[in-house]
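Worksheet: the structure to be examined is printed underneath.
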4 protein chains.
Amino acid sequence: MEVGFLGLGIMGKAMALNLLRHGFSVTVWNRTLSKCEELVESGASVEETPAGVIKKCKYTIAMLSDPSAALSVVFDKDGVLEQMCSGKGYIDMSTVDAQTSSKISEAITKTGGCFLEAPVSGSKKPAEDGQLVILAAGEKALYEEIIPAFDVLGKKSFFLGQVGNGAKMKLVVNMIMGSMMNAFSEGLVLADRSGLSQQTLLDVLELGAVANPMFKLKGPAMMKNAYPPAFPLKHQQKDMRLALALGDERAVSMPVAAASNEAFKKARSLGLGDQDFSAVYEVVKVAGSSEES
Amino acid sequence: MEVGFLGLGIMGKAMALNLLRHGFSVTVWNRTLSKCEELVESGASVEETPAGVIKKCKYTIAMLSDPSAALSVVFDKDGVLEQMCSGKGYIDMSTVDAQTSSKISEAITKTGGCFLEAPVSGSKKPAEDGQLVILAAGEKALYEEIIPAFDVLGKKSFFLGQVGNGAKMKLVVNMIMGSMMNAFSEGLVLADRSGLSQQTLLDVLELGAVANPMFKLKGPAMMKNAYPPAFPLKHQQKDMRLALALGDERAVSMPVAAASNEAFKKARSLGLGDQDFSAVYEVVKVAGSSEES
Amino acid sequence: MEVGFLGLGIMGKAMALNLLRHGFSVTVWNRTLSKCEELVESGASVEETPAGVIKKCKYTIAMLSDPSAALSVVFDKDGVLEQMCSGKGYIDMSTVDAQTSSKISEAITKTGGCFLEAPVSGSKKPAEDGQLVILAAGEKALYEEIIPAFDVLGKKSFFLGQVGNGAKMKLVVNMIMGSMMNAFSEGLVLADRSGLSQQTLLDVLELGAVANPMFKLKGPAMMKNAYPPAFPLKHQQKDMRLALALGDERAVSMPVAAASNEAFKKARSLGLGDQDFSAVYEVVKVAGSSEES
Amino acid sequence: MEVGFLGLGIMGKAMALNLLRHGFSVTVWNRTLSKCEELVESGASVEETPAGVIKKCKYTIAMLSDPSAALSVVFDKDGVLEQMCSGKGYIDMSTVDAQTSSKISEAITKTGGCFLEAPVSGSKKPAEDGQLVILAAGEKALYEEIIPAFDVLGKKSFFLGQVGNGAKMKLVVNMIMGSMMNAFSEGLVLADRSGLSQQTLLDVLELGAVANPMFKLKGPAMMKNAYPPAFPLKHQQKDMRLALALGDERAVSMPVAAASNEAFKKARSLGLGDQDFSAVYEVVKVAGSSEES
């Protein structure tokens, strides 16, 4: 199967390599063309423009860093739109907001081409291991045709319906995750102030009904007040805010998410926005020197 | 190794059988003596009073249904105290409040005997499979002597320090669990109202960083508005309240637990106290017939 | 002093009559021109277009029903902009969002004219009695020149600095008001469920440090489950949301406003959006028929 | 009318003087007898023990500093109980918890005497001016007989039913007050961070529907970060906790009070427990030096 691939950042490179390794014929493009070299050594072809990739390939996957890059690759000179047409499919796996996704979707569809948004859950390691979770939405037929590629890139893909649903699903998941991080932080502080060992709490949690990879991964670092940014707090807070806004539209009352969001905002006000979102632990922990005993 | 065993309810019977199966010599007592028969068939001896068990055995384990039963077995006529003395150990694995545990601890210690509180995490199935998690606190030496029995009863035991710490650890864990259940409920409702499939949300969660047995087990039932009481909501709310009270003592601010607690209280006011604690989902879901679209 | 007046709805008519009564020379315009008749009987002149009013008067006050009306009067054919010019002042007293206000401000300023936003606090009765509170922002010089009119329309006017600050001040005040309404509702329900008389609670509150007109006015109606819409709940919830969004921008954590907002959202989901915002009382009160005793 | 009066602290002295001034014949007692002198100069008689006052007077009012003093005066040697009997009435106006009040009530009633709890709202100044608000509960007949004294001591008295209701009413009022203080603090911080003048916010609030003495009195001090303890934060937080506990008993969900309570707890953890409860403003305000702009 032949596919185009736009964007060779940390994620994109790992994904394109996976496709090559599994026998796909891959034509790549990257803004900084030199980044294509390693892929060429692994058997990829190169085109000098996004339009060139689209022209050559029936299916093209994009993995760009942010909404502005995702828009630029489609709408700029030598961009995707110049060669997009009926019979071709464009799959954008970048993480973008619903509005950006809709804009790209409309433009692609107007050319007669097919569009799929397909944001992923998972970062560098799962990308390398082909263990991403893919949240696809848009043209169902295109989804079915591209499944062989998704099978290589992810451990599981979902088709979620109309464009925008991929982004929404990520918001719901991240909202749950953000509230859980607050619950976890409150538990860690309560344990400590009550004379219990935090390490033992982690051990007990690990053996019980709420055991989960996040507690296991982040707990030990939080105990050392270390928050290396895997998912920056300001992005988590933005997702909480967007999830609450979605709930506002639908009149869904979510008091626990709202309380969690306010804690993340307090963390931002303490200058922790660029730390990992587990730094909300600092908000729960903070206490004065003259604290009551 | 010889142990006494007081209380043959669902949990106690499974535990005593496990001990017998692993070669322990077990002397049992139960308020309704007929319940001892099955154990006798499996090789247990029987005594007619708690005092009789204590007299015969160096170590006695108790697994009673509630605080009043735990107190009665110790303090009543023919109770534990009548034969307790230096050189003997009493291990109470019932789930009781800190106050009850302290009262028993003081009485046992006054006789010269050793005391351990050892509430467990896990219900019928883990009890049968020897997969409980044991949260022990009290006399360290006794803990070390009784480890061979704990190894049979549980997959893991913890020694948490002074009497009361076992109960506190359970509160912290249940508080985290209660907030997680609220976060989960809010996510399920938000997904549904946003036009996303709840089943897909469960599937996505199951593959990600917050995957945990509770979501997996309870999610499908919640989707069907079914809340068979594994852990009754009124007990979960009581534990949230007690955890918040512990936080009050120590001046720990826990806004997410507080918001969760109010949702559980609302659930109680809707008559859901005897349902499983996952019934808090009903509180999030409830909306009027003239709801805005 | 001569002023133009655009918009003769409930508020605008009362305000224009007040100006006439106090000796102002007033030229009015209204989309439905027949509404001008009563004003003419009281001595007003009429123009057939907003542009006509602007051409005739040095100062023109607008009191339109919503942002789209406010924009239409300025930007449409025969609108304000066609005659606006240096030496003239435009005072928009409509309640609009900051974005609308900025758009109008820019357009007016570009013509060389002066702009003031001046939303008011208070509804029909205070408008008739000249007891409004005026929250003005924009061109300071224009504020000072128009004070004679403000003195007639309101009991007090404030100059708050740059355009947008009037809208923000309203948000802050309404946020406080919304949280207070929730606190009041919780108190009323707690009193009732605890066997205390709600009327006595109102009487005690009225005599104490938190006595305020809102409790006094709305309390008796709430006790009867009556919520005639003075300020619709959906508008109050929108203002809470916008206040929280403002706090999000500035990283201000406001957990009590957030909890209040979720209660208003729940009220919307119960179909209470068009009732008075005091209907949030229903959310606090709601309980199942099988409620615990 | 003749009344006994036990306890001549700041409040008690002012109250007893008021009674004398209005023609009551008053017999006083105080633990430190020298404090009776000023009262004697104003026409009071003195007895050397509480029992002596009870023996002499048909009605005796007590105004003690705390629960232990209230209990001591009743139960100790030479205490109230020694002379209490049918035909006599005892009115305890001290602020005590419901449990203390019940204990005293039972003991008095057992002698055949009548009991009224009558905690007051208001401090030194209202006591001197006879402007207290009296929350009476207990024996209705006694309430009616003692009204002439209440008319002198307070601007208003309420009869609330059975013993305990006076304390409960105070909790409900203080809960509303505590949430309002949080709402007010959030508004003050939001105004400041949004570039609005806090003084103007106070002025606008003062003119609107939520104007109340507390905002007016405490606002200016809060703006200067001054919290002279009129009502200590730790006592306000205790009352919030007790009100929430009352709500827990009755299954009343109160998310705004719960969020407010957590803010007060955070204030305690910052060492502000002995400041005025308006110091919760510090919790809302706190932000890091590297705060986002």
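Ligands are numbered from 1 in the order shown, residues from 1 within each chain, and chains are lettered A, B, ... in the order they appear in the structure tokens.
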
Residue set, segment 26-189 of chain B restricted to helix (DSSP H, G or I), as number ranges by chain: B: 33-41, 50-56, 67-75, 80-82, 98-110, 124-129, 140-153, 165-189

Selection: 6 Å around Ala183 of chain C, only C-alpha atoms, excl. self and same-chain fewer than 3 positions, as a list of chain:residue names: C:Met180, C:Glu186, D:Ile176, D:Ser179

Given the selection you just returned, output its residues as a file containing N, CA and C atoms, formatted as a tab-separated table (two decimals), in the first residue's frame.
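Dumped everything to again_29.tsv:
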```tsv
chain	number	residue	atom	x	y	z
C	180	MET	N	-24.04	34.39	45.92
C	180	MET	CA	-24.89	34.68	47.09
C	180	MET	C	-26.25	34.00	46.98
C	186	GLU	N	-29.03	27.34	49.63
C	186	GLU	CA	-28.57	26.25	50.50
C	186	GLU	C	-29.04	26.48	51.92
D	176	ILE	N	-24.37	30.84	55.52
D	176	ILE	CA	-24.65	31.80	54.44
D	176	ILE	C	-23.60	32.91	54.46
D	179	SER	N	-20.19	31.68	53.02
D	179	SER	CA	-20.16	31.57	51.57
D	179	SER	C	-20.14	32.95	50.93
```

Contact residues (chain C, partner chain D, 8 Å, only C-alpha atoms) as an MDAnalysis selection string: chainID C and resid 121:122 133 158 160 165 168:169 172:173 175:177 179:180 182:184 186:187 189:191 193:194 196:197 200:201 204:205 207:214 246:247 250:257 259:260 284:285 292:293

Can you pull out every residue within 9 Å of segment 70-80 of chain B, counting only C-alpha atoms, but drop anything in the same chain fewer than 6 positions away, and send it as a tab-separated table (two decimals) with C-alpha atoms, in the first residue's frame?
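So the final result, stored in out.tsv, reads:
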```
chain	number	residue	atom	x	y	z
B	6	LEU	CA	-13.69	-15.90	65.25
B	49	THR	CA	-17.02	-19.44	73.10
B	50	PRO	CA	-14.50	-16.81	72.00
B	51	ALA	CA	-12.84	-17.28	75.37
B	52	GLY	CA	-12.42	-20.98	74.60
B	53	VAL	CA	-10.62	-20.18	71.34
B	54	ILE	CA	-8.32	-17.68	73.01
B	55	LYS	CA	-7.49	-20.15	75.78
B	62	ALA	CA	-11.32	-12.15	64.16
B	63	MET	CA	-13.44	-11.27	61.15
B	64	LEU	CA	-16.69	-9.81	62.43
B	90	TYR	CA	-5.30	-11.01	68.86
B	92	ASP	CA	-8.88	-8.08	64.34
B	94	SER	CA	-12.93	-6.61	60.75
B	96	VAL	CA	-14.23	-0.95	62.15
B	100	THR	CA	-13.67	0.90	68.13
B	101	SER	CA	-10.24	-0.32	67.20
B	103	LYS	CA	-11.04	0.56	72.54
B	104	ILE	CA	-10.28	-3.08	71.71
B	107	ALA	CA	-8.42	-3.66	76.54
B	108	ILE	CA	-6.24	-6.35	74.96
```

Polymer residues at most 12 Å from Thr109 of chain A, only C-alpha atoms, same-chain spacing of 3 or more positions, as an NGL selection string: :A and (81 or 84-90 or 102-106 or 112-116 or 138-139 or 163)

Save out the residues we just selected, N, CA, C and O atoms, as a tab-separated table (two decimals), in the first residue's frame.
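New file again-v4.tsv:
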```tsv
chain	number	residue	atom	x	y	z
A	81	LEU	N	-4.20	21.51	-0.87
A	81	LEU	CA	-5.38	21.82	-1.69
A	81	LEU	C	-5.08	21.88	-3.19
A	81	LEU	O	-5.96	21.61	-4.01
A	84	MET	N	-5.38	18.23	-4.27
A	84	MET	CA	-6.44	17.39	-3.71
A	84	MET	C	-7.59	17.28	-4.71
A	84	MET	O	-7.94	18.27	-5.36
A	85	CYS	N	-8.16	16.09	-4.81
A	85	CYS	CA	-9.26	15.93	-5.75
A	85	CYS	C	-10.02	14.64	-5.45
A	85	CYS	O	-9.62	13.85	-4.58
A	86	SER	N	-11.08	14.46	-6.13
A	86	SER	CA	-11.90	13.26	-5.95
A	86	SER	C	-11.03	12.02	-6.13
A	86	SER	O	-10.14	11.98	-7.00
A	87	GLY	N	-11.26	11.02	-5.28
A	87	GLY	CA	-10.48	9.80	-5.38
A	87	GLY	C	-9.28	9.77	-4.45
A	87	GLY	O	-8.64	8.73	-4.27
A	88	LYS	N	-9.01	10.91	-3.84
A	88	LYS	CA	-7.88	10.96	-2.89
A	88	LYS	C	-8.39	11.13	-1.46
A	88	LYS	O	-9.48	11.66	-1.24
A	89	GLY	N	-7.57	10.68	-0.51
A	89	GLY	CA	-7.94	10.80	0.90
A	89	GLY	C	-6.87	11.51	1.70
A	89	GLY	O	-5.67	11.28	1.48
A	90	TYR	N	-7.31	12.37	2.65
A	90	TYR	CA	-6.36	13.11	3.50
A	90	TYR	C	-6.71	12.82	4.96
A	90	TYR	O	-7.85	13.02	5.40
A	102	SER	N	-12.54	21.41	11.37
A	102	SER	CA	-13.69	21.66	10.49
A	102	SER	C	-13.27	22.46	9.26
A	102	SER	O	-13.73	22.20	8.15
A	103	LYS	N	-12.42	23.43	9.48
A	103	LYS	CA	-11.97	24.28	8.38
A	103	LYS	C	-11.25	23.44	7.32
A	103	LYS	O	-11.50	23.57	6.12
A	104	ILE	N	-10.34	22.57	7.77
A	104	ILE	CA	-9.61	21.70	6.85
A	104	ILE	C	-10.58	20.74	6.16
A	104	ILE	O	-10.54	20.53	4.95
A	105	SER	N	-11.49	20.18	6.96
A	105	SER	CA	-12.46	19.23	6.42
A	105	SER	C	-13.26	19.85	5.28
A	105	SER	O	-13.42	19.25	4.21
A	106	GLU	N	-13.75	21.06	5.51
A	106	GLU	CA	-14.56	21.71	4.48
A	106	GLU	C	-13.78	21.95	3.19
A	106	GLU	O	-14.30	21.74	2.09
A	112	GLY	N	-13.61	17.58	-3.59
A	112	GLY	CA	-14.04	16.24	-3.96
A	112	GLY	C	-13.27	15.16	-3.23
A	112	GLY	O	-13.61	13.98	-3.28
A	113	GLY	N	-12.25	15.56	-2.49
A	113	GLY	CA	-11.46	14.60	-1.74
A	113	GLY	C	-12.15	14.17	-0.45
A	113	GLY	O	-13.16	14.74	-0.06
A	114	CYS	N	-11.59	13.14	0.18
A	114	CYS	CA	-12.15	12.63	1.44
A	114	CYS	C	-11.28	13.05	2.62
A	114	CYS	O	-10.04	13.09	2.50
A	115	PHE	N	-11.92	13.30	3.76
A	115	PHE	CA	-11.17	13.76	4.92
A	115	PHE	C	-11.46	12.91	6.16
A	115	PHE	O	-12.59	12.47	6.39
A	116	LEU	N	-10.44	12.74	6.96
A	116	LEU	CA	-10.55	12.05	8.24
A	116	LEU	C	-9.69	12.79	9.25
A	116	LEU	O	-8.51	13.05	8.99
A	138	GLY	N	-14.94	11.43	10.64
A	138	GLY	CA	-15.07	12.06	9.31
A	138	GLY	C	-15.66	11.06	8.32
A	138	GLY	O	-16.71	10.47	8.58
A	139	GLU	N	-14.99	10.85	7.21
A	139	GLU	CA	-15.50	10.01	6.14
A	139	GLU	C	-15.30	8.53	6.46
A	139	GLU	O	-14.17	8.02	6.46
A	163	VAL	N	-16.82	14.70	11.83
A	163	VAL	CA	-15.64	15.50	12.16
A	163	VAL	C	-15.90	16.33	13.41
A	163	VAL	O	-16.95	16.95	13.53
```

12 Å contact set for His22 of chain B, only C-alpha atoms, chain neighbours under 2 positions out, as an MDAnalysis selection string: chainID B and resid 1:2 15:20 24:26 42:43 130 148:153

Write a file of the selected residues as a compact mmCIF listing (two decimals), in the first residue's frame, keeping all heavy atoms.
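The new file part-v6.txt reads:
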```
# COMPACT_ATOMS: atom_id res chain seq x y z
N MET B 1 1.32 -24.33 61.98
CA MET B 1 0.99 -23.18 62.83
C MET B 1 -0.49 -23.28 63.25
O MET B 1 -1.35 -23.57 62.45
CB MET B 1 1.22 -21.88 62.05
CG MET B 1 1.10 -20.62 62.91
SD MET B 1 1.64 -19.16 61.92
CE MET B 1 1.41 -17.84 63.13
N GLU B 2 -0.75 -22.95 64.51
CA GLU B 2 -2.12 -23.05 65.03
C GLU B 2 -2.72 -21.67 65.21
O GLU B 2 -2.11 -20.79 65.81
CB GLU B 2 -2.12 -23.78 66.37
CG GLU B 2 -3.52 -23.90 66.94
CD GLU B 2 -3.54 -24.84 68.15
OE1 GLU B 2 -2.57 -24.86 68.92
OE2 GLU B 2 -4.55 -25.55 68.31
N MET B 15 -11.78 -17.22 54.44
CA MET B 15 -10.44 -17.04 54.97
C MET B 15 -10.00 -18.24 55.80
O MET B 15 -8.87 -18.72 55.68
CB MET B 15 -10.37 -15.74 55.79
CG MET B 15 -10.52 -14.48 54.93
SD MET B 15 -11.05 -13.02 55.87
CE MET B 15 -9.51 -12.61 56.72
N ALA B 16 -10.91 -18.72 56.65
CA ALA B 16 -10.57 -19.87 57.49
C ALA B 16 -10.31 -21.11 56.63
O ALA B 16 -9.38 -21.89 56.90
CB ALA B 16 -11.71 -20.14 58.48
N LEU B 17 -11.11 -21.27 55.57
CA LEU B 17 -10.90 -22.40 54.66
C LEU B 17 -9.52 -22.32 54.00
O LEU B 17 -8.82 -23.32 53.83
CB LEU B 17 -11.99 -22.46 53.58
CG LEU B 17 -13.32 -23.08 54.03
CD1 LEU B 17 -14.40 -22.86 52.97
CD2 LEU B 17 -13.13 -24.60 54.29
N ASN B 18 -9.14 -21.12 53.62
CA ASN B 18 -7.82 -20.93 53.02
C ASN B 18 -6.70 -21.36 53.95
O ASN B 18 -5.72 -21.97 53.54
CB ASN B 18 -7.62 -19.45 52.65
CG ASN B 18 -7.84 -19.22 51.17
OD1 ASN B 18 -7.78 -20.16 50.38
ND2 ASN B 18 -8.08 -17.97 50.79
N LEU B 19 -6.88 -20.98 55.23
CA LEU B 19 -5.85 -21.34 56.22
C LEU B 19 -5.76 -22.86 56.35
O LEU B 19 -4.65 -23.43 56.38
CB LEU B 19 -6.16 -20.68 57.57
CG LEU B 19 -5.97 -19.15 57.60
CD1 LEU B 19 -6.58 -18.56 58.87
CD2 LEU B 19 -4.48 -18.79 57.51
N LEU B 20 -6.93 -23.51 56.45
CA LEU B 20 -6.94 -24.98 56.56
C LEU B 20 -6.26 -25.61 55.34
O LEU B 20 -5.44 -26.53 55.48
CB LEU B 20 -8.39 -25.48 56.64
CG LEU B 20 -9.09 -25.25 58.00
CD1 LEU B 20 -10.60 -25.42 57.85
CD2 LEU B 20 -8.51 -26.19 59.06
N PHE B 24 -2.71 -24.95 58.00
CA PHE B 24 -2.82 -24.40 59.34
C PHE B 24 -3.77 -25.26 60.17
O PHE B 24 -4.71 -25.84 59.63
CB PHE B 24 -3.37 -22.96 59.29
CG PHE B 24 -2.34 -21.94 58.91
CD1 PHE B 24 -1.88 -21.87 57.59
CD2 PHE B 24 -1.83 -21.05 59.85
CE1 PHE B 24 -0.93 -20.93 57.23
CE2 PHE B 24 -0.88 -20.11 59.48
CZ PHE B 24 -0.42 -20.05 58.17
N SER B 25 -3.49 -25.31 61.44
CA SER B 25 -4.41 -25.95 62.37
C SER B 25 -5.33 -24.86 62.90
O SER B 25 -4.88 -23.91 63.54
CB SER B 25 -3.57 -26.58 63.49
OG SER B 25 -4.40 -26.99 64.53
N VAL B 26 -6.64 -24.97 62.59
CA VAL B 26 -7.55 -23.86 62.87
C VAL B 26 -8.67 -24.26 63.83
O VAL B 26 -9.33 -25.27 63.63
CB VAL B 26 -8.19 -23.34 61.55
CG1 VAL B 26 -9.06 -22.12 61.84
CG2 VAL B 26 -7.12 -23.02 60.52
N SER B 42 -13.70 -29.74 56.82
CA SER B 42 -12.41 -29.45 56.19
C SER B 42 -11.25 -29.56 57.17
O SER B 42 -10.10 -29.23 56.85
CB SER B 42 -12.43 -28.03 55.60
OG SER B 42 -13.44 -27.91 54.62
N GLY B 43 -11.58 -29.96 58.42
CA GLY B 43 -10.50 -30.25 59.36
C GLY B 43 -10.37 -29.32 60.54
O GLY B 43 -9.44 -29.45 61.33
N GLY B 130 -7.46 -15.90 48.30
CA GLY B 130 -6.27 -15.50 49.04
C GLY B 130 -5.61 -14.29 48.42
O GLY B 130 -4.39 -14.16 48.42
N PRO B 148 2.97 -15.56 58.24
CA PRO B 148 2.62 -16.80 57.50
C PRO B 148 1.12 -16.91 57.21
O PRO B 148 0.73 -17.35 56.13
CB PRO B 148 3.08 -17.90 58.46
CG PRO B 148 4.18 -17.28 59.25
CD PRO B 148 3.79 -15.83 59.43
N ALA B 149 0.30 -16.47 58.14
CA ALA B 149 -1.14 -16.50 57.89
C ALA B 149 -1.54 -15.45 56.87
O ALA B 149 -2.32 -15.70 55.95
CB ALA B 149 -1.91 -16.29 59.20
N PHE B 150 -0.98 -14.23 57.00
CA PHE B 150 -1.29 -13.16 56.05
C PHE B 150 -0.89 -13.58 54.63
O PHE B 150 -1.56 -13.24 53.65
CB PHE B 150 -0.58 -11.86 56.43
CG PHE B 150 -1.21 -11.12 57.60
CD1 PHE B 150 -0.59 -10.00 58.16
CD2 PHE B 150 -2.44 -11.52 58.13
CE1 PHE B 150 -1.17 -9.31 59.21
CE2 PHE B 150 -3.03 -10.84 59.19
CZ PHE B 150 -2.38 -9.73 59.74
N ASP B 151 0.23 -14.30 54.51
CA ASP B 151 0.68 -14.74 53.19
C ASP B 151 -0.34 -15.65 52.52
O ASP B 151 -0.46 -15.69 51.29
CB ASP B 151 2.03 -15.47 53.30
CG ASP B 151 3.17 -14.48 53.51
OD1 ASP B 151 2.94 -13.27 53.35
OD2 ASP B 151 4.28 -14.93 53.84
N VAL B 152 -1.07 -16.39 53.33
CA VAL B 152 -2.10 -17.28 52.80
C VAL B 152 -3.39 -16.51 52.46
O VAL B 152 -4.04 -16.77 51.46
CB VAL B 152 -2.39 -18.40 53.83
CG1 VAL B 152 -3.71 -19.10 53.52
CG2 VAL B 152 -1.23 -19.39 53.87
N LEU B 153 -3.69 -15.52 53.31
CA LEU B 153 -4.97 -14.82 53.16
C LEU B 153 -4.94 -13.73 52.08
O LEU B 153 -5.95 -13.44 51.44
CB LEU B 153 -5.37 -14.17 54.49
CG LEU B 153 -5.60 -15.14 55.66
CD1 LEU B 153 -5.78 -14.37 56.97
CD2 LEU B 153 -6.82 -16.01 55.39
```
